[in-house]
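Asks: So I've got this file, input.txt, and it contains compact mmCIF, C-alpha atoms:
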```
# COMPACT_ATOMS: atom_id res chain seq x y z
CA MET A 1 19.48 30.52 -5.56
CA ARG A 2 18.24 28.37 -8.44
CA ASP A 3 20.75 25.63 -7.68
CA GLN A 4 19.28 25.42 -4.18
CA ILE A 5 15.78 24.60 -5.46
CA ASP A 6 16.33 23.08 -8.91
CA LEU A 7 15.63 19.50 -7.79
CA LEU A 8 12.47 20.55 -6.00
CA ALA A 9 11.29 22.41 -9.09
CA ALA A 10 11.98 19.38 -11.30
CA VAL A 11 10.03 17.05 -8.99
CA THR A 12 7.19 19.58 -8.89
CA VAL A 13 6.98 19.73 -12.69
CA LEU A 14 7.04 15.92 -12.87
CA GLY A 15 4.22 15.85 -10.33
CA VAL A 16 2.15 18.28 -12.39
CA LEU A 17 2.75 16.17 -15.49
CA GLU A 18 1.68 13.08 -13.57
CA GLN A 19 -1.54 14.81 -12.51
CA ALA A 20 -2.18 15.76 -16.15
CA TYR A 21 -1.63 12.13 -17.16
CA PHE A 22 -4.18 10.97 -14.57
CA ALA A 23 -6.71 13.54 -15.81
CA MET A 24 -6.18 12.39 -19.40
CA GLN A 25 -6.83 8.80 -18.37
CA VAL A 26 -10.21 9.88 -16.98
CA ILE A 27 -11.01 11.60 -20.28
CA TYR A 28 -10.09 8.45 -22.21
CA ALA A 29 -12.17 6.31 -19.84
CA ARG A 30 -15.15 8.66 -20.29
CA ARG A 31 -14.92 8.23 -24.05
CA LYS A 32 -14.36 4.46 -23.88
CA TYR A 33 -17.28 3.80 -21.54
CA LYS A 34 -19.49 6.66 -22.81
CA VAL A 35 -19.78 8.50 -19.51
CA SER A 36 -20.49 12.17 -20.25
CA PRO A 37 -19.61 14.95 -17.81
CA PRO A 38 -20.78 15.74 -15.18
CA GLU A 39 -21.64 12.07 -14.54
CA THR A 40 -19.24 10.23 -12.24
CA THR A 41 -20.86 6.82 -12.31
CA GLY A 42 -21.08 4.22 -15.02
CA HIS A 43 -18.90 1.31 -15.99
CA PRO A 44 -16.87 -0.04 -13.01
CA GLU A 45 -13.57 0.51 -14.84
CA PHE A 46 -14.49 4.14 -15.44
CA GLU A 47 -15.46 4.60 -11.79
CA ARG A 48 -12.15 3.14 -10.58
CA THR A 49 -10.16 5.36 -12.95
CA PHE A 50 -12.16 8.41 -11.91
CA ARG A 51 -11.73 7.62 -8.21
CA ALA A 52 -8.01 6.94 -8.57
CA GLN A 53 -7.53 10.32 -10.26
CA ALA A 54 -9.61 12.10 -7.62
CA ASN A 55 -7.68 10.46 -4.78
CA CYS A 56 -4.33 11.41 -6.31
CA SER A 57 -5.53 14.99 -6.82
CA GLU A 58 -6.69 15.22 -3.20
CA TYR A 59 -3.24 14.37 -1.87
CA PHE A 60 -1.26 16.48 -4.35
CA PRO A 61 -1.39 19.77 -2.37
CA ILE A 62 -0.20 17.96 0.76
CA PHE A 63 2.65 16.39 -1.19
CA ILE A 64 3.77 19.65 -2.84
CA SER A 65 3.64 21.57 0.45
CA LEU A 66 5.72 19.00 2.30
CA LEU A 67 8.12 18.63 -0.63
CA TRP A 68 8.99 22.34 -0.63
CA VAL A 69 9.14 22.82 3.14
CA ALA A 70 11.32 19.74 3.62
CA GLY A 71 13.46 20.64 0.62
CA ILE A 72 14.11 24.19 1.75
CA PHE A 73 14.54 23.60 5.48
CA PHE A 74 15.99 20.07 5.60
CA HIS A 75 17.87 18.97 2.46
CA GLN A 76 16.94 19.37 -1.18
CA GLY A 77 18.53 16.13 -2.41
CA VAL A 78 17.04 13.84 0.22
CA THR A 79 13.66 15.47 -0.24
CA ALA A 80 13.78 15.20 -4.05
CA VAL A 81 14.50 11.47 -3.81
CA CYS A 82 11.54 11.04 -1.46
CA GLY A 83 9.44 13.11 -3.87
CA LEU A 84 10.38 10.92 -6.83
CA LEU A 85 9.56 7.80 -4.83
CA TYR A 86 6.22 9.31 -3.88
CA LEU A 87 5.38 10.09 -7.52
CA TYR A 88 6.31 6.53 -8.49
CA THR A 89 4.10 5.04 -5.76
CA ARG A 90 1.20 7.28 -6.82
CA LEU A 91 1.59 6.11 -10.42
CA ARG A 92 1.53 2.50 -9.19
CA TYR A 93 -1.50 3.36 -7.04
CA PHE A 94 -3.33 4.84 -10.03
CA GLN A 95 -2.54 1.89 -12.27
CA GLY A 96 -3.44 -0.61 -9.57
CA TYR A 97 -6.73 1.06 -8.69
CA ALA A 98 -7.75 1.47 -12.34
CA GLY A 99 -7.16 -2.26 -12.85
CA ALA A 100 -8.79 -3.58 -9.67
CA ALA A 101 -9.69 -1.95 -6.36
CA ARG A 102 -7.37 -4.27 -4.42
CA GLY A 103 -4.45 -3.25 -6.65
CA ARG A 104 -4.24 0.11 -4.92
CA LEU A 105 -3.42 -1.07 -1.39
CA GLY A 106 0.35 -1.67 -1.51
CA PRO A 107 1.13 1.59 -3.32
CA LEU A 108 -1.36 3.43 -1.09
CA TYR A 109 0.52 2.38 2.04
CA ALA A 110 3.88 3.19 0.44
CA SER A 111 2.78 6.67 -0.63
CA ALA A 112 1.30 7.36 2.82
CA TRP A 113 4.57 6.29 4.44
CA LEU A 114 6.50 8.64 2.15
CA LEU A 115 4.23 11.54 3.12
CA TRP A 116 5.02 10.80 6.77
CA VAL A 117 8.74 10.79 5.93
CA LEU A 118 8.40 14.15 4.17
CA LEU A 119 6.49 15.51 7.16
CA GLY A 120 9.26 14.31 9.47
CA LEU A 121 11.93 15.94 7.30
CA ALA A 122 9.95 19.17 7.17
CA LEU A 123 9.50 19.23 10.94
CA ALA A 124 13.16 18.43 11.59
CA GLY A 125 14.23 21.22 9.26
CA LEU A 126 11.83 23.72 10.78
CA LEU A 127 12.88 22.79 14.31
CA ALA A 128 16.51 23.31 13.39
CA HIS A 129 15.67 26.63 11.77
CA PHE A 130 13.70 28.04 14.69
CA LEU A 131 15.70 26.57 17.55
CA ARG A 132 19.13 27.14 16.05
CA PRO A 133 18.71 30.01 13.59
CA SER A 134 22.44 30.30 12.95
CA SER A 135 22.65 26.66 11.91
CA SER A 136 19.56 25.54 10.00
CA THR A 137 21.09 22.69 8.02
CA TRP A 138 19.71 19.17 8.05
CA MET A 139 22.70 17.99 10.07
CA ALA A 140 21.90 20.47 12.81
CA ALA A 141 18.37 19.08 12.95
CA LEU A 142 19.76 15.60 13.53
CA VAL A 143 22.44 16.61 16.02
CA TRP A 144 20.35 19.05 18.05
CA PRO A 145 18.39 16.42 20.09
CA LEU A 146 21.65 14.70 20.99
CA GLN A 147 23.13 17.99 22.17
CA LEU A 148 20.16 18.51 24.50
CA HIS A 149 20.91 15.25 26.27
CA GLY A 150 24.64 15.91 26.45
CA ALA A 151 25.43 12.99 24.18
CA TRP A 152 27.19 15.07 21.55
```
Can you give me the file's structure in the form of structure tokens?

Replies:
Amino acid sequence: MRDQIDLLAAVTVLGVLEQAYFAMQVIYARRKYKVSPPETTGHPEFERTFRAQANCSEYFPIFISLLWVAGIFFHQGVTAVCGLLYLYTRLRYFQGYAGAARGRLGPLYASAWLLWVLLGLALAGLLAHFLRPSSSTWMAALVWPLQLHGAW
């Protein structure tokens, strides 16, 4: 069983570590710009760092949910690669936003696209599971629509 979810677990732990890194950056920015909790306004660089961390935290549950559903029902390896790419784009987003508000846009679009890919993989895997319970592999999810139209 563990070998069927080990990549997903590794990406999950990396994601948690990334979230911890973002939170630490907010703590450092609070100290640097003397913004005491619970304040969320102050120096513009603090505000961008704070907002970047909050935005990344808001999307984390969506990412983790899609990562596990796609990984279990579609294909662990493909999903783990998408997960690693997502974590990389979120790191770039955080760094870009903390530096300048415009620096977040490219990575923001890339991370959103990767969430859509994960959603597609999750849906394909779930469709294959529910519509062809005896064959719930990722290949069945890809072949099933072709079989409906008699092309396969």

Asks: Scan for residues within 7 Å of the point (9.1, 20.3, 4.0) in the coordinates of the file, using all atoms listed in the file, and reply as a VMD selection string.

Replies: chain A and resid 65 to 73 118 to 119 121 to 122

Asks: With all atoms listed in the file as the basis for distance, which of A:Ala128, A:Ala110, A:Ile27, A:Leu87 is at the shortest distance from Cys56 of chain A?

Replies: A:Leu87

Asks: How far is it from atom CA of Met24 of chain A to atom CA of Gly103 of chain A, in Å with one decimal?

Replies: 20.3 Å

Asks: To one decimal place, how far is atom CA of Lys34 of chain A from atom CA of Ala52 of chain A in Å?

Replies: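 Calculated distance between atom CA of Lys34 of chain A and atom CA of Ala52 of chain A is 18.3 Å.
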
Asks: Do a neighbour search on Arg51 of chain A at 10 Å with all atoms listed in the file, toss out local chain neighbours closer than 5 positions, and write the hits as a ChimeraX atom specification.

Replies: /A:26,40,45-46,56-57,94,97-98,101

Asks: Residues within 12 Å of Val16 of chain A, please, as number ranges by chain. Count all atoms listed in the file; anything in the same chain fewer than 4 positions from it doesn't count.

Replies: A: 9-12, 20-23, 56-57, 60-61, 63-64, 87

Asks: Would you pick out the contacts of Thr41 of chain A at 12 Å or less, using all atoms listed in the file, so that residues sharing its chain but fewer than 6 positions from it are not included, and give the list as a tab-separated table (two decimals) with C-alpha atoms, keeping the file's coordinate frame?

Replies:
```
chain	number	residue	atom	x	y	z
A	29	ALA	CA	-12.17	6.31	-19.84
A	30	ARG	CA	-15.15	8.66	-20.29
A	33	TYR	CA	-17.28	3.80	-21.54
A	34	LYS	CA	-19.49	6.66	-22.81
A	35	VAL	CA	-19.78	8.50	-19.51
A	47	GLU	CA	-15.46	4.60	-11.79
A	48	ARG	CA	-12.15	3.14	-10.58
A	49	THR	CA	-10.16	5.36	-12.95
A	50	PHE	CA	-12.16	8.41	-11.91
A	51	ARG	CA	-11.73	7.62	-8.21
```

Asks: Do you know which residues are at most 9 Å from Gly106 of chain A counting all atoms listed in the file, after dropping those on the same chain fewer than 6 positions away, and could you put them as a count of residues only?

Replies: 4

Asks: What gap, in Å, lies between atom CA of Tyr86 of chain A and atom CA of Ser111 of chain A?

Replies: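 For atom CA of Tyr86 of chain A relative to atom CA of Ser111 of chain A, the distance reads 5.4 Å.
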
Asks: Choose the residue, out of A:Arg90, A:Tyr28, A:Gly42, A:Thr79, that has the smallest atom-to-atom separation from Glu58 of chain A; count only C-alpha atoms.

Replies: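 Looking at the shortest contact to Glu58 of chain A, the residue is A:Arg90.
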
Asks: Counting all atoms listed in the file, figure out which residue out of A:Ala100, A:Cys82, A:Leu115, A:Leu91 gets nearest to Ile62 of chain A.

Replies: A:Leu115
